[in-house]
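**Q** Following this message is one structure expressed as C-alpha cells.
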There are 6 protein chains.
Amino acid sequence: MADLTHVDSTGAARMVDVSGKDVSQRSALATGRLVTTPEVVAALRANSLAKGDALATARIAGIMAAKRTPDLVPLCHPIAISGVQVELTVTDDGVDIAARVTTADRTGVEMEALTAVSVAALTLVDMVKAVDPAAVIADVKVEEKLGGKTGTWHR
Amino acid sequence: MADLTHVDSTGAARMVDVSGKDVSQRSALATGRLVTTPEVVAALRANSLAKGDALATARIAGIMAAKRTPDLVPLCHPIAISGVQVELTVTDDGVDIAARVTTADRTGVEMEALTAVSVAALTLVDMVKAVDPAAVIADVKVEEKLGGKTGTWHR
Amino acid sequence: MADLTHVDSTGAARMVDVSGKDVSQRSALATGRLVTTPEVVAALRANSLAKGDALATARIAGIMAAKRTPDLVPLCHPIAISGVQVELTVTDDGVDIAARVTTADRTGVEMEALTAVSVAALTLVDMVKAVDPAAVIADVKVEEKLGGKTGTWHR
Amino acid sequence: MADLTHVDSTGAARMVDVSGKDVSQRSALATGRLVTTPEVVAALRANSLAKGDALATARIAGIMAAKRTPDLVPLCHPIAISGVQVELTVTDDGVDIAARVTTADRTGVEMEALTAVSVAALTLVDMVKAVDPAAVIADVKVEEKLGGKTGTWHR
Amino acid sequence: MADLTHVDSTGAARMVDVSGKDVSQRSALATGRLVTTPEVVAALRANSLAKGDALATARIAGIMAAKRTPDLVPLCHPIAISGVQVELTVTDDGVDIAARVTTADRTGVEMEALTAVSVAALTLVDMVKAVDPAAVIADVKVEEKLGGKTGTWHR
Amino acid sequence: MADLTHVDSTGAARMVDVSGKDVSQRSALATGRLVTTPEVVAALRANSLAKGDALATARIAGIMAAKRTPDLVPLCHPIAISGVQVELTVTDDGVDIAARVTTADRTGVEMEALTAVSVAALTLVDMVKAVDPAAVIADVKVEEKLGGKTGTWHR
C-alpha cells in the first residue's frame, strides 16, 4: 500500500496539511496598479469606454476572483472567505488597485487578496485594450497581513 | 418589450457582439516577472521549497488559467484556445514568465495570455511566500499580437 | 497605502464582512413554478420528452447549483452547505418547485435555496422548450428562513 | 461492448447530438422582473443599498452567468457566445430585466439568455434582501428567437 | 523577449497547438465498471439507496463532467462537444458504464468520454459507499474512436 | 407550502443533511493504477513524452481535482479540505497512483481522494494516448479511512 509520509523529500507538489492549525480571524491587504495612457485615464474618468463601466466591472471581477483562488492556484486551500473589498482609484497614469480579504479559518488570505487585485487588473486591461494595447499591470504585492500564528506582517 | 439597441449609450457593461468577425488564426505573447530574494532564487534552482516543484506547478496553473479566462474576466468571449505554452526562466532576482496562446476564432487571445502569466505568477508567490512574504508580481503586459483584422502589433 | 475603511460610502459593491457572526444552524426554503402547456404536463407525467427524464435532471441540476451560488452571485459568501433537497411536483399547468437548504455557518442560505429553484426551473425549460418555447418561470421566492441572529422569518 | 443506439427509448437523460446542424447566426431575447417594495425601489434609484451598486453588480452577474449556462443546465451544449447585453430598468414596483445573447454556432441561445436574466435577478435579490426579504423573481421567459433552422419565433 | 519555440525540448508541459488541424466530425466511446456487492446490486435494482436514484444521478454527473474535461485535465483543449450519451447497465456484480461523445472540432473526444465514465463511476461510488465502502472502479478505457486525421481506431 | 420531510421515500436524489454531525479530523487514502505499454513506461522514466512532464502534470491535476469534487459529484458536500498529497510511482506496467486527503469537517473525504486518483489517472491517459491509445485506468478504490463517527476502516 502507498506510504505517503516521505513525499515531501522528493520535491513533488503537495497541499500542506493545515488541519492542526487553529481557526482564527485573519485578513490581508494587497495592492497593484494599472499603468496606462492619459487618453484612457480621461475615458475612465468620463466612463466613456466602449465596453462600459470599467471600474464597476473590475471591482466585481476582483471580488468574484477572490472566491475562485483555490480553483486557480493549485496548492491553495479552499477557505471560507468572510469579506472582500476592492478599491479602485483613478490616478494620473492609471488605476491604483487595493483589495482587503478577511476570514475566520485555518490559513491566511494573502493569495485571495493578490488574486482579487490581479483579476481586477486583468479586467481593467480588457476594458481599455482597444484604446491602449500596451497597458501594464505593475507591482502586485501583499501590503499587510493580520492574525494567525505569525501575527501581523507589514511591508 | 425591451429594446437593447441603445444600451451602449448608458455606459453599462456589455459583451460586444463579435459574431460578424471572421474566424482566423491568431496568437498573443504576454510576459511578466516575479521579483523575489536571492534565498528564494536559490531554492527555486535547487527545487527545495517546502510546497514542492514551484516551476512545474506554476506552468500548469498558467496553462489551466488561460482556459478559465472567460470565467474570470467578465466581458471576455469564450474562445476555442488551440494552444498554450508557458515558459519560466529563473533569473538572479526572480522568475521571468512568458505565455503564448494561439487560437482559430473570432477574437484575439491577449487576455488569455495575460491571464496565464498572472496566474503562473500568483502560483509562484504561493509557493515562495513562506520564505519571502514580500515577493512582487511586476510588469505583466502584452508583447505581441498576431492575426485578426488589425494584424500584427508589437510593443 | 490604500485605506479601505470608507469604501461603503461610495456605493461600490463589496462582500460584507461576516467573520464576527456566530456559526449556527440555519435553513431556508424557497419555491417557484414552471408554467407550461397541457401537452408538456402530459409528457412530463409519461416521461416521454426527447431529452429524457426532466424531473430527475432538474432535481440534480438544482442541488448542484446550490453549491455554485457564490460562483454566480457576486457578493454571496462561500458557505458550507450541509444539506439540499429539491422537490418537484407536476401540476395541471406545470411544475411546482421547492428547495430546502441547511447549513451550519455564519450567514443564511436563502440565496442557495433560490439558486437551486431557479436552476431547476431553467433545466425544466431546457427539457421542454422543443415542445413549449413559451414556458415561463414564475414566482421564485423565499418561503421561510430559520436560525441566525434574526431568527425565523415566514412569508 | 456497449450499444448506445437505443438509449433514447429508455427515457434516460442525454445531450442530443447537434454535430450535423449548421453553424449560423442566432440570437435570443429573454426577460423577467424583480418585484419588490417602494423602499427598495427608492434605494435602487439612490444607489444607497448597503451592499453597493445593485444594478451594475446584477448586470455583470447576468453576463457572466450566460457563459456558465452549460455548467449549470445539464443537457445544454457548450456554445461560443459572441455577445451578451443585460438591460435593467427600475420601475415603480421593482426592476425589469432583459438579456439578449448572440452566437454563431450550431444551437440556439435561449437558455443562455434565460440564465442571464435569472442570475441577474438572483443578484438583485441578494442586494436587496436585507431590506425586502420577500422580493419575488417573476415571469422569466423567452421573448424572441432569431436564426437557426426554425427561424424567427416571437412570443 | 521570450522565445518559446524550443520549450518542448525541456520536457515542460504544454498544450500542443491544434489550430492547423481541420474541423471534422469525431466521436469516441469509452467504458468502465463499478464492482460492488450483491446487496448494492439489489438496492440499485430497487432504487432503494438512502441518497436516492443512483443511476439517474450518475448519468447526469457523467454528462456534465464531459463538458468540464478541459477544467480537469490540464493539457486538454476546450472543445465544442456536440453530443453526450451515458449508458448504465446494472449487472450481477455491479454497473457497466459506457459514454459516447461526439464533436465537430479540431481534436478527438476520447478524454471527454473517459471523463464522463470516470465521473459517472465516482458518483455511483458516492451513492453506494454507505452500504459498500469497498466498491471499485475498474477498467476505464477507450473502446473506439471515429473521425479525425488518424481515422477509426478500435480496441 | 412545500413539505420536504418525506422526499426520501420517493427515491429522489438529495444531499443528506450533515449539519448535526461533529467537526472532526478525518482522512482517506485512495489508490488506482494506469496500465500501459513498456514503450510508455520508458518514456515516463525518461520524461520524453511530447506533451511534457506527465507525472508533475498528473500530480497537480489530482490535487486540483480533489478541490473540485463537490462540483463533479452531485450529492457530495462542499468540504474544507486541509491537505492533499498525490503520489505517482512508475512500475513495469504503468503507474501506481495514491492520494491522501485530510480535513477537519463534518463528513469524510473518501470521494475527494478517489476524485484525485481518477483525475490524476485521466491526466496520465491524456499525456500518453498518442503513444498508447489503449491505456487503462484500473482498480480505483478507497484503501483506508480515518476519523469521524464510524472511525477507522481498512480494506
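Order determines the names: the first chain of the C-alpha cells is A, the second B, and so forth; residues in each chain are numbered 1 upward, and ligands are numbered 1 upward as they are shown.
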Return chain C as a PDB file with C-alpha atoms, in the first residue's frame, after superposing it on chain B by a least-squares fit that covers all C-alpha atoms paired in order.
**A**
```
ATOM      1  CA  MET C   1     -40.704  44.789 -24.676  1.00  0.00           C
ATOM      2  CA  ALA C   2     -37.083  45.529 -24.026  1.00  0.00           C
ATOM      3  CA  ASP C   3     -35.205  47.495 -26.626  1.00  0.00           C
ATOM      4  CA  LEU C   4     -31.490  46.828 -26.237  1.00  0.00           C
ATOM      5  CA  THR C   5     -30.207  48.822 -29.197  1.00  0.00           C
ATOM      6  CA  HIS C   6     -29.161  51.869 -27.197  1.00  0.00           C
ATOM      7  CA  VAL C   7     -27.641  50.176 -24.171  1.00  0.00           C
ATOM      8  CA  ASP C   8     -24.153  51.315 -25.088  1.00  0.00           C
ATOM      9  CA  SER C   9     -25.084  54.946 -24.669  1.00  0.00           C
ATOM     10  CA  THR C  10     -25.551  54.433 -20.921  1.00  0.00           C
ATOM     11  CA  GLY C  11     -22.043  53.306 -20.005  1.00  0.00           C
ATOM     12  CA  ALA C  12     -23.365  49.911 -18.923  1.00  0.00           C
ATOM     13  CA  ALA C  13     -21.000  46.938 -19.234  1.00  0.00           C
ATOM     14  CA  ARG C  14     -21.748  44.597 -22.150  1.00  0.00           C
ATOM     15  CA  MET C  15     -20.044  41.804 -24.067  1.00  0.00           C
ATOM     16  CA  VAL C  16     -19.564  43.279 -27.549  1.00  0.00           C
ATOM     17  CA  ASP C  17     -21.035  41.168 -30.359  1.00  0.00           C
ATOM     18  CA  VAL C  18     -18.287  39.551 -32.459  1.00  0.00           C
ATOM     19  CA  SER C  19     -20.466  37.163 -34.469  1.00  0.00           C
ATOM     20  CA  GLY C  20     -19.776  39.169 -37.623  1.00  0.00           C
ATOM     21  CA  LYS C  21     -15.990  38.858 -37.300  1.00  0.00           C
ATOM     22  CA  ASP C  22     -14.080  36.219 -39.298  1.00  0.00           C
ATOM     23  CA  VAL C  23     -12.619  33.085 -37.803  1.00  0.00           C
ATOM     24  CA  SER C  24      -8.863  33.377 -38.309  1.00  0.00           C
ATOM     25  CA  GLN C  25      -5.552  32.232 -36.897  1.00  0.00           C
ATOM     26  CA  ARG C  26      -4.443  34.492 -34.073  1.00  0.00           C
ATOM     27  CA  SER C  27      -1.821  34.397 -31.327  1.00  0.00           C
ATOM     28  CA  ALA C  28      -0.591  36.569 -28.466  1.00  0.00           C
ATOM     29  CA  LEU C  29       2.533  36.644 -26.335  1.00  0.00           C
ATOM     30  CA  ALA C  30       2.461  38.133 -22.823  1.00  0.00           C
ATOM     31  CA  THR C  31       5.206  38.420 -20.221  1.00  0.00           C
ATOM     32  CA  GLY C  32       5.680  39.276 -16.563  1.00  0.00           C
ATOM     33  CA  ARG C  33       8.128  38.800 -13.704  1.00  0.00           C
ATOM     34  CA  LEU C  34       8.255  37.518 -10.156  1.00  0.00           C
ATOM     35  CA  VAL C  35      10.654  39.643  -8.120  1.00  0.00           C
ATOM     36  CA  THR C  36      11.949  37.870  -5.028  1.00  0.00           C
ATOM     37  CA  THR C  37      14.997  37.311  -2.822  1.00  0.00           C
ATOM     38  CA  PRO C  38      18.314  35.531  -3.566  1.00  0.00           C
ATOM     39  CA  GLU C  39      17.276  32.947  -0.961  1.00  0.00           C
ATOM     40  CA  VAL C  40      14.176  32.075  -2.969  1.00  0.00           C
ATOM     41  CA  VAL C  41      16.099  32.081  -6.243  1.00  0.00           C
ATOM     42  CA  ALA C  42      18.485  29.536  -4.738  1.00  0.00           C
ATOM     43  CA  ALA C  43      15.574  27.404  -3.496  1.00  0.00           C
ATOM     44  CA  LEU C  44      13.893  27.539  -6.918  1.00  0.00           C
ATOM     45  CA  ARG C  45      17.132  26.428  -8.579  1.00  0.00           C
ATOM     46  CA  ALA C  46      17.527  23.588  -6.056  1.00  0.00           C
ATOM     47  CA  ASN C  47      13.798  22.665  -6.141  1.00  0.00           C
ATOM     48  CA  SER C  48      13.910  22.686  -2.352  1.00  0.00           C
ATOM     49  CA  LEU C  49      10.781  24.682  -1.464  1.00  0.00           C
ATOM     50  CA  ALA C  50       8.528  23.092   1.165  1.00  0.00           C
ATOM     51  CA  LYS C  51       5.466  23.095  -1.096  1.00  0.00           C
ATOM     52  CA  GLY C  52       7.322  21.248  -3.863  1.00  0.00           C
ATOM     53  CA  ASP C  53       8.168  21.918  -7.502  1.00  0.00           C
ATOM     54  CA  ALA C  54       7.273  25.584  -7.961  1.00  0.00           C
ATOM     55  CA  LEU C  55       8.077  25.900 -11.659  1.00  0.00           C
ATOM     56  CA  ALA C  56       6.092  22.854 -12.819  1.00  0.00           C
ATOM     57  CA  THR C  57       3.156  23.880 -10.636  1.00  0.00           C
ATOM     58  CA  ALA C  58       3.163  27.458 -11.923  1.00  0.00           C
ATOM     59  CA  ARG C  59       3.440  26.366 -15.539  1.00  0.00           C
ATOM     60  CA  ILE C  60       0.422  24.089 -15.280  1.00  0.00           C
ATOM     61  CA  ALA C  61      -1.546  26.669 -13.314  1.00  0.00           C
ATOM     62  CA  GLY C  62      -0.856  29.204 -16.074  1.00  0.00           C
ATOM     63  CA  ILE C  63      -1.980  26.831 -18.828  1.00  0.00           C
ATOM     64  CA  MET C  64      -5.170  25.935 -16.962  1.00  0.00           C
ATOM     65  CA  ALA C  65      -5.906  29.590 -16.194  1.00  0.00           C
ATOM     66  CA  ALA C  66      -5.737  30.514 -19.874  1.00  0.00           C
ATOM     67  CA  LYS C  67      -8.749  28.243 -20.354  1.00  0.00           C
ATOM     68  CA  ARG C  68     -10.575  29.907 -17.438  1.00  0.00           C
ATOM     69  CA  THR C  69     -10.190  33.469 -18.772  1.00  0.00           C
ATOM     70  CA  PRO C  70     -13.874  33.981 -19.715  1.00  0.00           C
ATOM     71  CA  ASP C  71     -14.883  32.745 -16.245  1.00  0.00           C
ATOM     72  CA  LEU C  72     -12.656  35.404 -14.649  1.00  0.00           C
ATOM     73  CA  VAL C  73     -12.784  38.454 -16.914  1.00  0.00           C
ATOM     74  CA  PRO C  74     -16.468  39.404 -17.184  1.00  0.00           C
ATOM     75  CA  LEU C  75     -16.631  40.715 -20.746  1.00  0.00           C
ATOM     76  CA  CYS C  76     -14.202  38.248 -22.382  1.00  0.00           C
ATOM     77  CA  HIS C  77     -15.708  35.974 -25.015  1.00  0.00           C
ATOM     78  CA  PRO C  78     -15.463  32.231 -24.537  1.00  0.00           C
ATOM     79  CA  ILE C  79     -12.898  31.193 -27.103  1.00  0.00           C
ATOM     80  CA  ALA C  80     -11.550  27.963 -28.563  1.00  0.00           C
ATOM     81  CA  ILE C  81      -7.933  28.085 -27.427  1.00  0.00           C
ATOM     82  CA  SER C  82      -5.857  25.861 -29.702  1.00  0.00           C
ATOM     83  CA  GLY C  83      -2.502  26.011 -27.893  1.00  0.00           C
ATOM     84  CA  VAL C  84      -0.794  27.405 -24.766  1.00  0.00           C
ATOM     85  CA  GLN C  85       2.849  27.470 -23.762  1.00  0.00           C
ATOM     86  CA  VAL C  86       4.142  28.950 -20.515  1.00  0.00           C
ATOM     87  CA  GLU C  87       7.895  29.481 -20.163  1.00  0.00           C
ATOM     88  CA  LEU C  88       9.512  30.187 -16.786  1.00  0.00           C
ATOM     89  CA  THR C  89      13.137  31.312 -16.538  1.00  0.00           C
ATOM     90  CA  VAL C  90      14.823  31.680 -13.158  1.00  0.00           C
ATOM     91  CA  THR C  91      16.934  34.855 -13.099  1.00  0.00           C
ATOM     92  CA  ASP C  92      19.139  36.407 -10.428  1.00  0.00           C
ATOM     93  CA  ASP C  93      16.276  38.374  -8.904  1.00  0.00           C
ATOM     94  CA  GLY C  94      13.276  36.165  -9.595  1.00  0.00           C
ATOM     95  CA  VAL C  95      11.473  34.423 -12.439  1.00  0.00           C
ATOM     96  CA  ASP C  96      10.705  35.673 -15.953  1.00  0.00           C
ATOM     97  CA  ILE C  97       7.329  34.423 -17.158  1.00  0.00           C
ATOM     98  CA  ALA C  98       6.153  34.252 -20.794  1.00  0.00           C
ATOM     99  CA  ALA C  99       2.964  32.781 -22.222  1.00  0.00           C
ATOM    100  CA  ARG C 100       1.965  32.299 -25.843  1.00  0.00           C
ATOM    101  CA  VAL C 101      -1.632  31.434 -26.668  1.00  0.00           C
ATOM    102  CA  THR C 102      -2.951  30.531 -30.141  1.00  0.00           C
ATOM    103  CA  THR C 103      -6.468  30.228 -31.480  1.00  0.00           C
ATOM    104  CA  ALA C 104      -8.538  29.948 -34.611  1.00  0.00           C
ATOM    105  CA  ASP C 105     -11.529  32.036 -33.586  1.00  0.00           C
ATOM    106  CA  ARG C 106     -13.268  35.417 -33.853  1.00  0.00           C
ATOM    107  CA  THR C 107     -11.347  37.418 -31.234  1.00  0.00           C
ATOM    108  CA  GLY C 108      -7.765  37.813 -30.094  1.00  0.00           C
ATOM    109  CA  VAL C 109      -6.154  35.948 -27.208  1.00  0.00           C
ATOM    110  CA  GLU C 110      -4.249  38.717 -25.427  1.00  0.00           C
ATOM    111  CA  MET C 111      -6.398  38.320 -22.316  1.00  0.00           C
ATOM    112  CA  GLU C 112      -5.776  34.568 -22.277  1.00  0.00           C
ATOM    113  CA  ALA C 113      -2.011  35.126 -22.466  1.00  0.00           C
ATOM    114  CA  LEU C 114      -2.104  37.794 -19.741  1.00  0.00           C
ATOM    115  CA  THR C 115      -4.240  35.548 -17.525  1.00  0.00           C
ATOM    116  CA  ALA C 116      -1.781  32.663 -17.984  1.00  0.00           C
ATOM    117  CA  VAL C 117       1.096  34.930 -16.934  1.00  0.00           C
ATOM    118  CA  SER C 118      -0.796  36.379 -13.961  1.00  0.00           C
ATOM    119  CA  VAL C 119      -1.896  33.032 -12.561  1.00  0.00           C
ATOM    120  CA  ALA C 120       1.544  31.484 -13.091  1.00  0.00           C
ATOM    121  CA  ALA C 121       2.913  34.453 -11.126  1.00  0.00           C
ATOM    122  CA  LEU C 122       0.311  34.107  -8.368  1.00  0.00           C
ATOM    123  CA  THR C 123       1.197  30.426  -8.092  1.00  0.00           C
ATOM    124  CA  LEU C 124       4.885  31.264  -7.757  1.00  0.00           C
ATOM    125  CA  VAL C 125       4.033  33.721  -4.962  1.00  0.00           C
ATOM    126  CA  ASP C 126       2.051  30.984  -3.225  1.00  0.00           C
ATOM    127  CA  MET C 127       4.981  28.568  -3.465  1.00  0.00           C
ATOM    128  CA  VAL C 128       7.563  31.053  -2.116  1.00  0.00           C
ATOM    129  CA  LYS C 129       5.592  33.204   0.332  1.00  0.00           C
ATOM    130  CA  ALA C 130       6.643  31.242   3.412  1.00  0.00           C
ATOM    131  CA  VAL C 131      10.235  32.272   2.608  1.00  0.00           C
ATOM    132  CA  ASP C 132       9.569  35.684   1.012  1.00  0.00           C
ATOM    133  CA  PRO C 133       6.246  37.262   2.021  1.00  0.00           C
ATOM    134  CA  ALA C 134       7.233  40.425   0.120  1.00  0.00           C
ATOM    135  CA  ALA C 135       7.525  38.907  -3.392  1.00  0.00           C
ATOM    136  CA  VAL C 136       6.185  41.194  -6.148  1.00  0.00           C
ATOM    137  CA  ILE C 137       4.461  40.456  -9.468  1.00  0.00           C
ATOM    138  CA  ALA C 138       5.847  43.026 -11.908  1.00  0.00           C
ATOM    139  CA  ASP C 139       5.268  44.212 -15.462  1.00  0.00           C
ATOM    140  CA  VAL C 140       2.537  41.909 -16.732  1.00  0.00           C
ATOM    141  CA  LYS C 141       1.942  43.040 -20.323  1.00  0.00           C
ATOM    142  CA  VAL C 142       1.265  42.014 -23.923  1.00  0.00           C
ATOM    143  CA  GLU C 143       4.435  41.750 -26.019  1.00  0.00           C
ATOM    144  CA  GLU C 144       2.945  40.941 -29.391  1.00  0.00           C
ATOM    145  CA  LYS C 145      -0.287  40.024 -31.115  1.00  0.00           C
ATOM    146  CA  LEU C 146      -0.577  38.290 -34.495  1.00  0.00           C
ATOM    147  CA  GLY C 147      -3.531  37.809 -36.841  1.00  0.00           C
ATOM    148  CA  GLY C 148      -7.077  39.159 -36.901  1.00  0.00           C
ATOM    149  CA  LYS C 149      -8.310  42.227 -38.738  1.00  0.00           C
ATOM    150  CA  THR C 150      -5.839  44.591 -37.053  1.00  0.00           C
ATOM    151  CA  GLY C 151      -2.901  42.313 -37.870  1.00  0.00           C
ATOM    152  CA  THR C 152       0.461  42.299 -36.107  1.00  0.00           C
ATOM    153  CA  TRP C 153       1.102  44.526 -33.089  1.00  0.00           C
ATOM    154  CA  HIS C 154       4.454  44.726 -31.289  1.00  0.00           C
ATOM    155  CA  ARG C 155       5.254  46.562 -28.096  1.00  0.00           C
TER     156      ARG C 155
END
```
**Q** Which of region 12-131 of chain F counts as strand (DSSP E or B) under DSSP, as a ChimeraX atom specification please?
**A** /F:15,24-35,81-91,94-105
**Q** Please, which residues of region 20-53 of chain A, numbered as in this document, come out alpha helix (DSSP H) from DSSP, as an MDAnalysis selection string?
**A** chainID A and resid 38:46
**Q** Keeping N, CA, C and O atoms for every residue in the selection just given, could you write it to a file as a PDB file, in the first residue's frame?
**A**
```pdb
ATOM      1  N   PRO A  38      -2.794  58.768 -20.787  1.00  0.00           N
ATOM      2  CA  PRO A  38      -3.706  59.855 -20.394  1.00  0.00           C
ATOM      3  C   PRO A  38      -5.071  59.743 -21.092  1.00  0.00           C
ATOM      4  O   PRO A  38      -6.099  60.070 -20.495  1.00  0.00           O
ATOM      5  N   GLU A  39      -5.076  59.246 -22.327  1.00  0.00           N
ATOM      6  CA  GLU A  39      -6.339  59.091 -23.056  1.00  0.00           C
ATOM      7  C   GLU A  39      -7.268  58.117 -22.332  1.00  0.00           C
ATOM      8  O   GLU A  39      -8.468  58.353 -22.186  1.00  0.00           O
ATOM      9  N   VAL A  40      -6.687  57.000 -21.843  1.00  0.00           N
ATOM     10  CA  VAL A  40      -7.510  56.025 -21.113  1.00  0.00           C
ATOM     11  C   VAL A  40      -7.944  56.595 -19.768  1.00  0.00           C
ATOM     12  O   VAL A  40      -9.101  56.427 -19.344  1.00  0.00           O
ATOM     13  N   VAL A  41      -7.027  57.299 -19.084  1.00  0.00           N
ATOM     14  CA  VAL A  41      -7.397  57.900 -17.800  1.00  0.00           C
ATOM     15  C   VAL A  41      -8.593  58.831 -17.978  1.00  0.00           C
ATOM     16  O   VAL A  41      -9.550  58.798 -17.184  1.00  0.00           O
ATOM     17  N   ALA A  42      -8.570  59.617 -19.052  1.00  0.00           N
ATOM     18  CA  ALA A  42      -9.698  60.522 -19.312  1.00  0.00           C
ATOM     19  C   ALA A  42     -10.983  59.736 -19.569  1.00  0.00           C
ATOM     20  O   ALA A  42     -12.060  60.093 -19.078  1.00  0.00           O
ATOM     21  N   ALA A  43     -10.870  58.644 -20.333  1.00  0.00           N
ATOM     22  CA  ALA A  43     -12.054  57.829 -20.628  1.00  0.00           C
ATOM     23  C   ALA A  43     -12.584  57.147 -19.363  1.00  0.00           C
ATOM     24  O   ALA A  43     -13.800  57.022 -19.177  1.00  0.00           O
ATOM     25  N   LEU A  44     -11.689  56.700 -18.489  1.00  0.00           N
ATOM     26  CA  LEU A  44     -12.128  56.087 -17.228  1.00  0.00           C
ATOM     27  C   LEU A  44     -12.872  57.126 -16.379  1.00  0.00           C
ATOM     28  O   LEU A  44     -13.914  56.827 -15.785  1.00  0.00           O
ATOM     29  N   ARG A  45     -12.340  58.334 -16.342  1.00  0.00           N
ATOM     30  CA  ARG A  45     -12.991  59.382 -15.535  1.00  0.00           C
ATOM     31  C   ARG A  45     -14.347  59.770 -16.118  1.00  0.00           C
ATOM     32  O   ARG A  45     -15.266  60.120 -15.378  1.00  0.00           O
ATOM     33  N   ALA A  46     -14.472  59.690 -17.438  1.00  0.00           N
ATOM     34  CA  ALA A  46     -15.729  60.056 -18.090  1.00  0.00           C
ATOM     35  C   ALA A  46     -16.673  58.866 -18.252  1.00  0.00           C
ATOM     36  O   ALA A  46     -17.797  59.018 -18.726  1.00  0.00           O
TER      37      ALA A  46
END
```
